[in-house]
Amino acid sequence: MFLNLKKNFTLLTILMLALVFVGTSCKKDDEKTSKDFLTAHDWKLVSVKIGGIASTLDPCDQDDFATFHDDGEYHLDEGATKCDPTDPQETTGTWSISDKTTPETLTIKYDDNGTQVTEEYDITELTDATMVLTIEVPLFGTIENTFEKI
């Protein structure tokens, strides 16, 4: 009887250790970084608030989408309808995330007709389905852009 008790205790201990190992190893696999969420798919702008007040998106802006590639490359596509026919269909640049700030900061750099533009956004929300970026703009105040995955 004592031998069976000892055997059961040993099996129970092994089973508990296996469960702890499996539980902790799965947890690490499920933890996604901001980069993982950002690069998982394309993002479509769905709303803009300026100074906390909702702004109406022009129809030509409603089909625009942004793509963030793993290698740090950024693409903004004008979609099927451009607001200005002379605008390029696609604007390319680079992006990076700084996790040294709270909230994290998304920096996007691109060329706008020969002028190098750098925009720094606070990432106020980033999930698999939604991204909210805010930026302080002189004379406008806080602009909050909400994106949804495509």
# chains A, B, ... in the order shown; residues from 1 in each chain; ligands from 1
>>> select_by_dssp(residues="region 23-129 of chain A", states="helix (DSSP H, G or I)", output="JSON, numbers by chain")
{"A": [23, 24, 25, 26, 27, 28, 29, 30, 34, 35, 36, 37, 38, 39]}
>>> select_by_dssp(residues="region 67-103 of chain A", states="strand (DSSP E)", output="count of residues only")
16
>>> residues_around(residues="Lys32 (chain A)", least_positions_apart="5", cutoff="12 Å", atoms="only C-alpha atoms", output="PyMOL selection string")
chain A and resi 27+37-40+126-128
>>> closest_residue(among="A:Glu31, A:Glu120, A:Asp63, A:Asp58", to="Lys44 (chain A)", atoms="only C-alpha atoms")
A:Asp63
>>> residues_around(residues="Ala80 (chain A)", least_positions_apart="4", cutoff="10 Å", atoms="only C-alpha atoms", output="list of chain:residue names")
A:Cys60, A:Asp61, A:Gln62, A:Asp63, A:Asp64, A:Gln89
>>> closest_residue(among="A:Gly114, A:Asn145, A:Glu125, A:Glu104", to="Leu57 (chain A)", atoms="only C-alpha atoms")
A:Asn145
>>> closest_atom_pairs(of="region 102-147 of chain A", to="region 67-78 of chain A", cutoff="12 Å", atoms="only C-alpha atoms", output="JSON lines")
{"residue": "A:Leu106", "atom": "CA", "partner": "A:Phe68", "partner_atom": "CA", "distance": 11.0}
{"residue": "A:Thr107", "atom": "CA", "partner": "A:Gly72", "partner_atom": "CA", "distance": 10.4}
{"residue": "A:Ile108", "atom": "CA", "partner": "A:Tyr74", "partner_atom": "CA", "distance": 7.6}
{"residue": "A:Lys109", "atom": "CA", "partner": "A:Tyr74", "partner_atom": "CA", "distance": 8.3}
{"residue": "A:Tyr110", "atom": "CA", "partner": "A:Tyr74", "partner_atom": "CA", "distance": 8.3}
{"residue": "A:Asp111", "atom": "CA", "partner": "A:Tyr74", "partner_atom": "CA", "distance": 11.4}
{"residue": "A:Asp112", "atom": "CA", "partner": "A:Leu76", "partner_atom": "CA", "distance": 12.0}
{"residue": "A:Phe147", "atom": "CA", "partner": "A:Thr67", "partner_atom": "CA", "distance": 11.5}
>>> write_last_selection(atoms="N, CA and C atoms", output="compact mmCIF listing (two decimals), in the first residue's frame")
# COMPACT_ATOMS: atom_id res chain seq x y z
N LEU A 106 4.55 55.72 -31.89
CA LEU A 106 4.73 55.26 -33.27
C LEU A 106 5.25 56.44 -34.08
N THR A 107 6.43 56.27 -34.68
CA THR A 107 7.02 57.31 -35.52
C THR A 107 6.93 56.88 -36.98
N ILE A 108 6.37 57.75 -37.80
CA ILE A 108 6.25 57.49 -39.24
C ILE A 108 7.00 58.60 -39.96
N LYS A 109 7.88 58.20 -40.89
CA LYS A 109 8.65 59.16 -41.69
C LYS A 109 8.37 58.87 -43.17
N TYR A 110 8.12 59.96 -43.92
CA TYR A 110 7.87 59.81 -45.35
C TYR A 110 8.21 61.12 -46.06
N ASP A 111 8.29 61.06 -47.38
CA ASP A 111 8.59 62.22 -48.20
C ASP A 111 7.28 62.76 -48.77
N ASP A 112 7.05 64.06 -48.60
CA ASP A 112 5.86 64.72 -49.14
C ASP A 112 6.30 65.80 -50.10
N PHE A 147 -8.40 53.48 -36.37
CA PHE A 147 -8.28 52.58 -37.51
C PHE A 147 -8.88 51.23 -37.14
>>> closest_residue(among="A:Lys100, A:Thr115, A:Thr56, A:Thr146", to="Ala129 (chain A)", atoms="only C-alpha atoms")
A:Thr146
>>> closest_residue(among="A:Tyr121, A:Phe140, A:Trp43, A:Phe65", to="Gly79 (chain A)", atoms="only C-alpha atoms")
A:Phe65
>>> atom_distance(atom1="CA of Asp122 (chain A)", atom2="CA of Thr92 (chain A)")
20.5 Å
>>> residues_around(residues="region 47-50 of chain A", least_positions_apart="2", cutoff="6 Å", atoms="only C-alpha atoms", output="PyMOL selection string")
chain A and resi 52-55+142-146
>>> closest_residue(among="A:Ala66, A:Asp36, A:Thr91, A:Asp42", to="Lys149 (chain A)", atoms="only C-alpha atoms")
A:Asp42
